[in-house]
$ cat upload.pdb   # PDB, C-alpha atoms, pLDDT in the B column
MODEL        1
ATOM      1  CA  MET A   1       0.000   0.000   0.000  1.00 89.00           C
ATOM      2  CA  VAL A   2       1.313   3.463  -0.847  1.00 95.00           C
ATOM      3  CA  SER A   3       1.516   5.999   1.964  1.00 96.00           C
ATOM      4  CA  PHE A   4      -1.569   7.899   3.066  1.00 97.00           C
ATOM      5  CA  VAL A   5      -0.065  11.246   2.119  1.00 95.00           C
ATOM      6  CA  THR A   6       0.577   9.959  -1.412  1.00 94.00           C
ATOM      7  CA  GLN A   7      -3.003   8.722  -1.718  1.00 95.00           C
ATOM      8  CA  ILE A   8      -4.289  12.097  -0.518  1.00 95.00           C
ATOM      9  CA  GLU A   9      -1.991  13.979  -2.908  1.00 92.00           C
ATOM     10  CA  ASP A  10      -3.339  11.849  -5.749  1.00 92.00           C
ATOM     11  CA  MET A  11      -6.772  13.240  -4.904  1.00 92.00           C
ATOM     12  CA  ILE A  12      -6.000  16.902  -4.208  1.00 91.00           C
ATOM     13  CA  GLY A  13      -2.681  17.485  -5.974  1.00 83.00           C
ATOM     14  CA  THR A  14       0.935  17.123  -4.889  1.00 69.00           C
ATOM     15  CA  GLU A  15       1.577  20.818  -4.393  1.00 64.00           C
ATOM     16  CA  VAL A  16      -1.789  21.870  -2.977  1.00 65.00           C
ATOM     17  CA  PHE A  17      -1.351  20.968   0.683  1.00 73.00           C
ATOM     18  CA  ASN A  18       2.005  20.616   2.394  1.00 81.00           C
ATOM     19  CA  ASP A  19       1.447  19.943   6.098  1.00 89.00           C
ATOM     20  CA  ASP A  20       2.387  16.407   7.137  1.00 93.00           C
ATOM     21  CA  ALA A  21       1.319  16.967  10.749  1.00 95.00           C
ATOM     22  CA  PHE A  22      -2.164  17.987   9.643  1.00 95.00           C
ATOM     23  CA  VAL A  23      -2.398  14.990   7.279  1.00 96.00           C
ATOM     24  CA  SER A  24      -1.547  12.706  10.207  1.00 97.00           C
ATOM     25  CA  GLN A  25      -4.241  14.337  12.342  1.00 97.00           C
ATOM     26  CA  ALA A  26      -6.761  14.153   9.505  1.00 97.00           C
ATOM     27  CA  ILE A  27      -6.347  10.426   8.855  1.00 98.00           C
ATOM     28  CA  GLN A  28      -6.464   9.703  12.589  1.00 98.00           C
ATOM     29  CA  ASP A  29      -9.616  11.795  13.096  1.00 98.00           C
ATOM     30  CA  ILE A  30     -11.440  10.279  10.121  1.00 98.00           C
ATOM     31  CA  GLY A  31     -10.254   6.796  11.043  1.00 98.00           C
ATOM     32  CA  ALA A  32     -11.558   7.235  14.599  1.00 98.00           C
ATOM     33  CA  GLU A  33     -14.866   8.505  13.226  1.00 98.00           C
ATOM     34  CA  ILE A  34     -15.232   5.406  11.038  1.00 98.00           C
ATOM     35  CA  VAL A  35     -14.339   3.057  13.901  1.00 98.00           C
ATOM     36  CA  LYS A  36     -16.862   4.779  16.159  1.00 98.00           C
ATOM     37  CA  VAL A  37     -19.799   4.332  13.767  1.00 97.00           C
ATOM     38  CA  SER A  38     -18.852   0.974  12.227  1.00 97.00           C
ATOM     39  CA  PRO A  39     -21.164  -1.973  12.915  1.00 95.00           C
ATOM     40  CA  GLU A  40     -19.589  -4.403  15.358  1.00 95.00           C
ATOM     41  CA  ALA A  41     -19.856  -7.234  12.850  1.00 93.00           C
ATOM     42  CA  ARG A  42     -17.521  -5.433  10.438  1.00 94.00           C
ATOM     43  CA  LEU A  43     -15.003  -4.661  13.162  1.00 97.00           C
ATOM     44  CA  LYS A  44     -14.970  -8.179  14.583  1.00 96.00           C
ATOM     45  CA  GLU A  45     -13.540  -9.392  11.275  1.00 94.00           C
ATOM     46  CA  CYS A  46     -10.364  -7.379  11.957  1.00 96.00           C
ATOM     47  CA  SER A  47     -10.374  -7.356  15.764  1.00 97.00           C
ATOM     48  CA  LEU A  48      -7.755  -8.178  18.376  1.00 96.00           C
ATOM     49  CA  GLU A  49      -8.110 -10.449  21.394  1.00 97.00           C
ATOM     50  CA  VAL A  50      -6.313  -9.932  24.682  1.00 98.00           C
ATOM     51  CA  ALA A  51      -6.382 -11.715  28.014  1.00 98.00           C
ATOM     52  CA  VAL A  52      -8.081  -9.947  30.911  1.00 98.00           C
ATOM     53  CA  THR A  53      -6.800 -10.752  34.406  1.00 98.00           C
ATOM     54  CA  SER A  54      -8.665 -10.490  37.685  1.00 97.00           C
ATOM     55  CA  GLY A  55      -7.074  -7.043  38.030  1.00 98.00           C
ATOM     56  CA  GLY A  56      -8.841  -5.852  34.892  1.00 98.00           C
ATOM     57  CA  TYR A  57      -7.501  -4.578  31.586  1.00 98.00           C
ATOM     58  CA  SER A  58      -7.244  -0.995  30.327  1.00 98.00           C
ATOM     59  CA  VAL A  59      -9.731  -0.098  27.603  1.00 98.00           C
ATOM     60  CA  SER A  60      -8.288   3.370  27.013  1.00 96.00           C
ATOM     61  CA  GLY A  61      -8.017   3.959  23.266  1.00 96.00           C
ATOM     62  CA  LYS A  62     -10.066   0.874  22.449  1.00 97.00           C
ATOM     63  CA  ARG A  63     -13.540   0.176  21.106  1.00 98.00           C
ATOM     64  CA  VAL A  64     -14.764  -2.843  23.025  1.00 98.00           C
ATOM     65  CA  LEU A  65     -16.626  -5.329  20.844  1.00 98.00           C
ATOM     66  CA  GLU A  66     -17.056  -8.321  23.111  1.00 98.00           C
ATOM     67  CA  VAL A  67     -15.990  -9.783  26.425  1.00 98.00           C
ATOM     68  CA  HIS A  68     -16.104 -13.500  27.115  1.00 98.00           C
ATOM     69  CA  LYS A  69     -14.975 -16.155  29.537  1.00 97.00           C
ATOM     70  CA  SER A  70     -13.902 -19.452  27.962  1.00 95.00           C
ATOM     71  CA  ASN A  71     -16.054 -18.546  24.923  1.00 94.00           C
ATOM     72  CA  TYR A  72     -19.128 -17.841  27.043  1.00 97.00           C
ATOM     73  CA  SER A  73     -20.216 -14.319  26.120  1.00 97.00           C
ATOM     74  CA  ALA A  74     -20.287 -11.901  29.065  1.00 98.00           C
ATOM     75  CA  THR A  75     -23.138  -9.476  29.660  1.00 97.00           C
ATOM     76  CA  GLN A  76     -22.321  -5.869  30.503  1.00 97.00           C
ATOM     77  CA  MET A  77     -23.414  -4.524  33.874  1.00 97.00           C
ATOM     78  CA  THR A  78     -22.914  -1.068  35.332  1.00 96.00           C
ATOM     79  CA  ALA A  79     -20.295  -0.797  38.070  1.00 95.00           C
ATOM     80  CA  SER A  80     -22.976   0.365  40.524  1.00 94.00           C
ATOM     81  CA  ASN A  81     -24.824  -2.940  40.088  1.00 94.00           C
ATOM     82  CA  VAL A  82     -21.864  -5.306  40.282  1.00 96.00           C
ATOM     83  CA  ALA A  83     -22.678  -6.341  43.837  1.00 96.00           C
ATOM     84  CA  ARG A  84     -25.758  -8.139  42.537  1.00 96.00           C
ATOM     85  CA  SER A  85     -23.600 -10.210  40.191  1.00 97.00           C
ATOM     86  CA  LYS A  86     -21.527 -11.352  43.185  1.00 97.00           C
ATOM     87  CA  ASP A  87     -24.524 -12.237  45.367  1.00 97.00           C
ATOM     88  CA  SER A  88     -25.168 -15.971  45.100  1.00 95.00           C
ATOM     89  CA  GLY A  89     -28.773 -15.376  46.118  1.00 95.00           C
ATOM     90  CA  SER A  90     -29.439 -12.953  43.279  1.00 95.00           C
ATOM     91  CA  ILE A  91     -30.909 -13.844  39.901  1.00 95.00           C
ATOM     92  CA  TYR A  92     -28.076 -11.722  38.480  1.00 95.00           C
ATOM     93  CA  TYR A  93     -25.358 -13.929  40.002  1.00 97.00           C
ATOM     94  CA  ALA A  94     -22.551 -14.373  37.484  1.00 98.00           C
ATOM     95  CA  THR A  95     -21.322 -17.894  36.797  1.00 97.00           C
ATOM     96  CA  SER A  96     -18.645 -19.403  34.538  1.00 95.00           C
ATOM     97  CA  THR A  97     -21.289 -20.025  31.887  1.00 96.00           C
ATOM     98  CA  ASP A  98     -23.105 -16.728  32.450  1.00 97.00           C
ATOM     99  CA  PRO A  99     -20.365 -14.165  33.178  1.00 98.00           C
ATOM    100  CA  ILE A 100     -20.740 -10.397  33.388  1.00 98.00           C
ATOM    101  CA  TYR A 101     -18.320  -7.566  32.768  1.00 98.00           C
ATOM    102  CA  TYR A 102     -18.182  -3.958  33.859  1.00 98.00           C
ATOM    103  CA  PHE A 103     -16.055  -0.849  33.372  1.00 98.00           C
ATOM    104  CA  ALA A 104     -14.329   1.051  36.169  1.00 97.00           C
ATOM    105  CA  ASP A 105     -11.294   3.356  36.211  1.00 96.00           C
ATOM    106  CA  SER A 106     -10.901   2.968  32.419  1.00 96.00           C
ATOM    107  CA  LYS A 107     -10.583  -0.815  32.803  1.00 98.00           C
ATOM    108  CA  VAL A 108     -12.788  -3.762  32.004  1.00 98.00           C
ATOM    109  CA  PHE A 109     -13.413  -6.384  34.681  1.00 98.00           C
ATOM    110  CA  ILE A 110     -15.002  -9.830  34.371  1.00 98.00           C
ATOM    111  CA  VAL A 111     -17.013 -11.354  37.223  1.00 98.00           C
ATOM    112  CA  ILE A 112     -17.848 -15.012  37.804  1.00 98.00           C
ATOM    113  CA  ASP A 113     -18.539 -17.051  40.940  1.00 97.00           C
ATOM    114  CA  GLY A 114     -18.600 -14.057  43.252  1.00 96.00           C
ATOM    115  CA  SER A 115     -15.433 -12.213  42.277  1.00 97.00           C
ATOM    116  CA  GLU A 116     -13.389 -10.648  39.495  1.00 98.00           C
ATOM    117  CA  ASN A 117     -11.851 -13.263  37.255  1.00 98.00           C
ATOM    118  CA  SER A 118      -9.904 -13.748  34.048  1.00 98.00           C
ATOM    119  CA  GLY A 119     -11.308 -13.801  30.532  1.00 98.00           C
ATOM    120  CA  THR A 120     -10.915 -12.325  27.072  1.00 98.00           C
ATOM    121  CA  LEU A 121     -11.472  -8.884  25.581  1.00 98.00           C
ATOM    122  CA  VAL A 122     -12.216  -8.442  21.876  1.00 98.00           C
ATOM    123  CA  TYR A 123     -11.541  -4.925  20.564  1.00 98.00           C
ATOM    124  CA  VAL A 124     -10.164  -2.663  17.874  1.00 98.00           C
ATOM    125  CA  PRO A 125      -8.045   0.454  18.465  1.00 98.00           C
ATOM    126  CA  SER A 126     -10.188   3.606  18.556  1.00 98.00           C
ATOM    127  CA  ILE A 127      -7.618   5.287  16.306  1.00 98.00           C
ATOM    128  CA  PRO A 128      -6.451   2.991  13.491  1.00 97.00           C
ATOM    129  CA  THR A 129      -2.876   1.776  13.774  1.00 98.00           C
ATOM    130  CA  SER A 130      -0.160   0.703  11.380  1.00 97.00           C
ATOM    131  CA  ASP A 131       0.995  -2.187  13.560  1.00 94.00           C
ATOM    132  CA  GLY A 132      -1.627  -2.773  16.245  1.00 90.00           C
ATOM    133  CA  ALA A 133      -0.124  -0.189  18.585  1.00 91.00           C
ATOM    134  CA  SER A 134       1.186   2.894  16.722  1.00 96.00           C
ATOM    135  CA  ALA A 135      -1.429   5.306  15.340  1.00 98.00           C
ATOM    136  CA  ILE A 136      -1.320   5.769  11.585  1.00 98.00           C
ATOM    137  CA  VAL A 137       0.554   8.853  10.382  1.00 98.00           C
ATOM    138  CA  TYR A 138       0.980  10.647   7.058  1.00 96.00           C
ATOM    139  CA  ASN A 139       3.706   8.318   5.715  1.00 96.00           C
ATOM    140  CA  SER A 140       2.241   5.037   7.008  1.00 97.00           C
ATOM    141  CA  THR A 141       2.007   2.370   4.322  1.00 97.00           C
ATOM    142  CA  SER A 142      -0.136  -0.080   6.262  1.00 97.00           C
ATOM    143  CA  ILE A 143      -3.229  -0.108   8.442  1.00 97.00           C
ATOM    144  CA  VAL A 144      -4.304  -3.038  10.610  1.00 97.00           C
ATOM    145  CA  ASN A 145      -7.357  -3.949  12.688  1.00 97.00           C
ATOM    146  CA  PHE A 146      -9.426  -1.697  10.457  1.00 98.00           C
ATOM    147  CA  PRO A 147     -11.965  -2.802   7.808  1.00 97.00           C
ATOM    148  CA  SER A 148     -10.191  -3.042   4.454  1.00 96.00           C
ATOM    149  CA  GLU A 149     -13.334  -1.857   2.637  1.00 95.00           C
ATOM    150  CA  ALA A 150     -13.227   1.396   4.610  1.00 97.00           C
ATOM    151  CA  VAL A 151      -9.623   2.399   3.835  1.00 98.00           C
ATOM    152  CA  HIS A 152     -10.611   4.318   0.698  1.00 97.00           C
ATOM    153  CA  ILE A 153     -13.358   6.062   2.672  1.00 98.00           C
ATOM    154  CA  LEU A 154     -10.768   7.117   5.264  1.00 98.00           C
ATOM    155  CA  VAL A 155      -8.488   8.570   2.564  1.00 98.00           C
ATOM    156  CA  THR A 156     -11.356  10.445   0.913  1.00 98.00           C
ATOM    157  CA  GLY A 157     -12.501  11.932   4.218  1.00 98.00           C
ATOM    158  CA  ALA A 158      -8.960  12.943   5.164  1.00 97.00           C
ATOM    159  CA  ALA A 159      -8.418  14.549   1.748  1.00 96.00           C
ATOM    160  CA  ALA A 160     -11.582  16.599   2.247  1.00 97.00           C
ATOM    161  CA  LYS A 161     -10.335  17.673   5.688  1.00 96.00           C
ATOM    162  CA  CYS A 162      -7.045  18.820   4.157  1.00 95.00           C
ATOM    163  CA  LEU A 163      -8.904  20.908   1.576  1.00 94.00           C
ATOM    164  CA  GLN A 164     -11.058  22.410   4.319  1.00 94.00           C
ATOM    165  CA  GLN A 165      -7.904  23.432   6.175  1.00 93.00           C
ATOM    166  CA  LEU A 166      -6.403  24.831   2.983  1.00 91.00           C
ATOM    167  CA  ILE A 167      -9.509  26.963   2.404  1.00 92.00           C
ATOM    168  CA  SER A 168      -9.179  28.357   5.920  1.00 90.00           C
ATOM    169  CA  LEU A 169      -5.521  29.219   5.388  1.00 87.00           C
ATOM    170  CA  LYS A 170      -6.188  30.876   2.059  1.00 85.00           C
ATOM    171  CA  ASN A 171      -9.071  32.888   3.511  1.00 83.00           C
ATOM    172  CA  GLU A 172      -6.659  34.245   6.110  1.00 79.00           C
ATOM    173  CA  LYS A 173      -4.265  35.255   3.351  1.00 74.00           C
ATOM    174  CA  LEU A 174      -7.101  36.852   1.382  1.00 72.00           C
ATOM    175  CA  GLN A 175      -8.065  38.905   4.442  1.00 73.00           C
ATOM    176  CA  VAL A 176      -4.531  40.288   4.605  1.00 67.00           C
ATOM    177  CA  TYR A 177      -4.666  41.294   0.931  1.00 64.00           C
ATOM    178  CA  VAL A 178      -8.044  42.975   1.408  1.00 63.00           C
ATOM    179  CA  GLN A 179      -7.233  44.766   4.647  1.00 63.00           C
ATOM    180  CA  THR A 180      -3.859  46.064   3.534  1.00 62.00           C
ATOM    181  CA  GLU A 181      -4.917  46.693  -0.060  1.00 60.00           C
ATOM    182  CA  GLU A 182      -1.572  45.145  -0.883  1.00 58.00           C
ATOM    183  CA  ASP A 183      -2.529  43.966  -4.321  1.00 69.00           C
ATOM    184  CA  VAL A 184      -6.011  43.858  -5.851  1.00 69.00           C
ATOM    185  CA  GLU A 185      -4.920  41.377  -8.500  1.00 70.00           C
ATOM    186  CA  LEU A 186      -3.437  39.061  -5.885  1.00 74.00           C
ATOM    187  CA  ALA A 187      -6.672  39.244  -3.907  1.00 72.00           C
ATOM    188  CA  GLN A 188      -8.733  38.412  -6.990  1.00 77.00           C
ATOM    189  CA  ALA A 189      -6.474  35.494  -7.861  1.00 78.00           C
ATOM    190  CA  GLU A 190      -6.634  34.176  -4.300  1.00 77.00           C
ATOM    191  CA  SER A 191     -10.420  34.491  -4.300  1.00 84.00           C
ATOM    192  CA  LEU A 192     -10.722  32.503  -7.531  1.00 87.00           C
ATOM    193  CA  GLU A 193      -8.405  29.821  -6.162  1.00 86.00           C
ATOM    194  CA  ILE A 194     -10.498  29.558  -3.004  1.00 89.00           C
ATOM    195  CA  GLN A 195     -13.646  29.089  -5.070  1.00 91.00           C
ATOM    196  CA  SER A 196     -11.951  26.297  -7.021  1.00 91.00           C
ATOM    197  CA  ILE A 197     -10.816  24.543  -3.851  1.00 92.00           C
ATOM    198  CA  GLN A 198     -14.268  24.940  -2.298  1.00 94.00           C
ATOM    199  CA  ALA A 199     -15.778  23.150  -5.293  1.00 95.00           C
ATOM    200  CA  GLN A 200     -13.236  20.341  -4.965  1.00 94.00           C
ATOM    201  CA  TYR A 201     -13.884  20.136  -1.221  1.00 96.00           C
ATOM    202  CA  ALA A 202     -17.651  19.898  -1.734  1.00 97.00           C
ATOM    203  CA  LEU A 203     -17.092  17.053  -4.202  1.00 97.00           C
ATOM    204  CA  LEU A 204     -14.793  15.067  -1.921  1.00 97.00           C
ATOM    205  CA  GLU A 205     -16.899  15.679   1.189  1.00 97.00           C
ATOM    206  CA  GLY A 206     -19.965  14.496  -0.706  1.00 98.00           C
ATOM    207  CA  GLN A 207     -18.116  11.366  -1.845  1.00 98.00           C
ATOM    208  CA  TYR A 208     -16.966  10.702   1.708  1.00 98.00           C
ATOM    209  CA  GLN A 209     -20.457  11.009   3.199  1.00 97.00           C
ATOM    210  CA  LYS A 210     -22.021   8.898   0.447  1.00 97.00           C
ATOM    211  CA  SER A 211     -19.368   6.174   0.737  1.00 97.00           C
ATOM    212  CA  LEU A 212     -19.627   6.144   4.528  1.00 97.00           C
ATOM    213  CA  GLN A 213     -23.411   5.777   4.457  1.00 97.00           C
ATOM    214  CA  SER A 214     -23.121   2.965   1.911  1.00 96.00           C
ATOM    215  CA  TYR A 215     -20.515   1.223   4.078  1.00 96.00           C
ATOM    216  CA  LEU A 216     -22.780   1.449   7.128  1.00 95.00           C
ATOM    217  CA  GLN A 217     -25.676  -0.281   5.390  1.00 88.00           C
ATOM    218  CA  PRO A 218     -26.262  -3.916   6.421  1.00 78.00           C
ATOM    219  CA  ASN A 219     -24.806  -6.482   4.030  1.00 66.00           C
TER     220      ASN A 219
ENDMDL
END
$ encode --input "upload.pdb" --output "structure tokens"
Amino acid sequence: MVSFVTQIEDMIGTEVFNDDAFVSQAIQDIGAEIVKVSPEARLKECSLEVAVTSGGYSVSGKRVLEVHKSNYSATQMTASNVARSKDSGSIYYATSTDPIYYFADSKVFIVIDGSENSGTLVYVPSIPTSDGASAIVYNSTSIVNFPSEAVHILVTGAAAKCLQQLISLKNEKLQVYVQTEEDVELAQAESLEIQSIQAQYALLEGQYQKSLQSYLQPN
């Protein structure tokens, strides 16, 4: 896979936007947006599994898809109601075949047989990564634990974000020309360029929204 910045440049032009830090932020923001709204079924196809100990496991930076104990799916319970899952006289008592899980202090905990226990967490990173741990950046050439069918959507959305930023920067420059009356011709040229970029932005943003909605439809 070619780098994200190259894919974006192919869409908006190689000399149009030159801010690698912003490109990195754009692909991370759009990637996080896609992960947030993606159906769980699509994400489970590219998910990670990690062992949860009785001391819990941090879910910071993760979208939790499933928690289970020995392949018995756990039911989520609020932390304020966990006591019921530990009460052997309660209908909510958690067992090895009917476990529960809850979140507290940015961790996930699994309860069976009256106490916190071990199990498995299924998740994807909230911000897409290039290797399972490092967030994607402008020159990344891979993306993992992210739906392959949504990669093009991510690039399109990030390209639109870059154009939106470029419009903002050029509007600031136009304001300087207008306020200082530095050069009427420069101001006119800048204004025409902004209009052209706005048209390109509207096209890419429309493509992004349409592709995203299509992706979110049930198979």
$ resolve_selection --input "upload.pdb" --expression "the PyMOL selection byres ((chain A and resi 99) around 8)" --output "list in words"
His68, Lys69, Tyr72, Ser73, Ala74, Thr75, Ala94, Thr95, Ser96, Thr97, Asp98, Ile100, Tyr101, Ile110, Val111 and Ile112 of chain A
$ resolve_selection --input "upload.pdb" --expression "the PyMOL selection byres ((chain A and resi 125-133) around 8)" --output "PDB file with C-alpha atoms, in the coordinates of the input"
ATOM      1  CA  GLN A  28      -6.464   9.703  12.589  1.00 98.00           C
ATOM      2  CA  ASP A  29      -9.616  11.795  13.096  1.00 98.00           C
ATOM      3  CA  GLY A  31     -10.254   6.796  11.043  1.00 98.00           C
ATOM      4  CA  ALA A  32     -11.558   7.235  14.599  1.00 98.00           C
ATOM      5  CA  VAL A  35     -14.339   3.057  13.901  1.00 98.00           C
ATOM      6  CA  LYS A  36     -16.862   4.779  16.159  1.00 98.00           C
ATOM      7  CA  GLY A  61      -8.017   3.959  23.266  1.00 96.00           C
ATOM      8  CA  LYS A  62     -10.066   0.874  22.449  1.00 97.00           C
ATOM      9  CA  ARG A  63     -13.540   0.176  21.106  1.00 98.00           C
ATOM     10  CA  TYR A 123     -11.541  -4.925  20.564  1.00 98.00           C
ATOM     11  CA  VAL A 124     -10.164  -2.663  17.874  1.00 98.00           C
ATOM     12  CA  SER A 134       1.186   2.894  16.722  1.00 96.00           C
ATOM     13  CA  ALA A 135      -1.429   5.306  15.340  1.00 98.00           C
ATOM     14  CA  ILE A 136      -1.320   5.769  11.585  1.00 98.00           C
ATOM     15  CA  SER A 140       2.241   5.037   7.008  1.00 97.00           C
ATOM     16  CA  THR A 141       2.007   2.370   4.322  1.00 97.00           C
ATOM     17  CA  SER A 142      -0.136  -0.080   6.262  1.00 97.00           C
ATOM     18  CA  ILE A 143      -3.229  -0.108   8.442  1.00 97.00           C
ATOM     19  CA  VAL A 144      -4.304  -3.038  10.610  1.00 97.00           C
ATOM     20  CA  ASN A 145      -7.357  -3.949  12.688  1.00 97.00           C
ATOM     21  CA  PHE A 146      -9.426  -1.697  10.457  1.00 98.00           C
TER      22      PHE A 146
END
$ closest_residue --input "upload.pdb" --among "A:Val50, A:Leu203, A:Met77, A:Leu192" --to "Thr156 of chain A" --atoms "all atoms listed in the file"
A:Leu203
$ atom_distance --input "upload.pdb" --atom1 "atom CA of Ala83 of chain A" --atom2 "atom CA of Asn71 of chain A"
23.5 Å
$ resolve_selection --input "upload.pdb" --expression "the PyMOL selection byres ((chain A and resi 49) around 7)" --output "list in words"
Ser47, Leu48, Val50, Ala51, Thr120, Leu121, Val122 and Tyr123 of chain A
$ closest_residue --input "upload.pdb" --among "A:Leu154, A:Met11, A:Val37, A:Ile197" --to "Leu166 of chain A" --atoms "only C-alpha atoms"
A:Ile197
$ atom_distance --input "upload.pdb" --atom1 "atom CA of Val151 of chain A" --atom2 "atom CA of Ile194 of chain A"
28.0 Å
$ atom_distance --input "upload.pdb" --atom1 "atom CA of Gln76 of chain A" --atom2 "atom CA of Cys46 of chain A"
22.1 Å
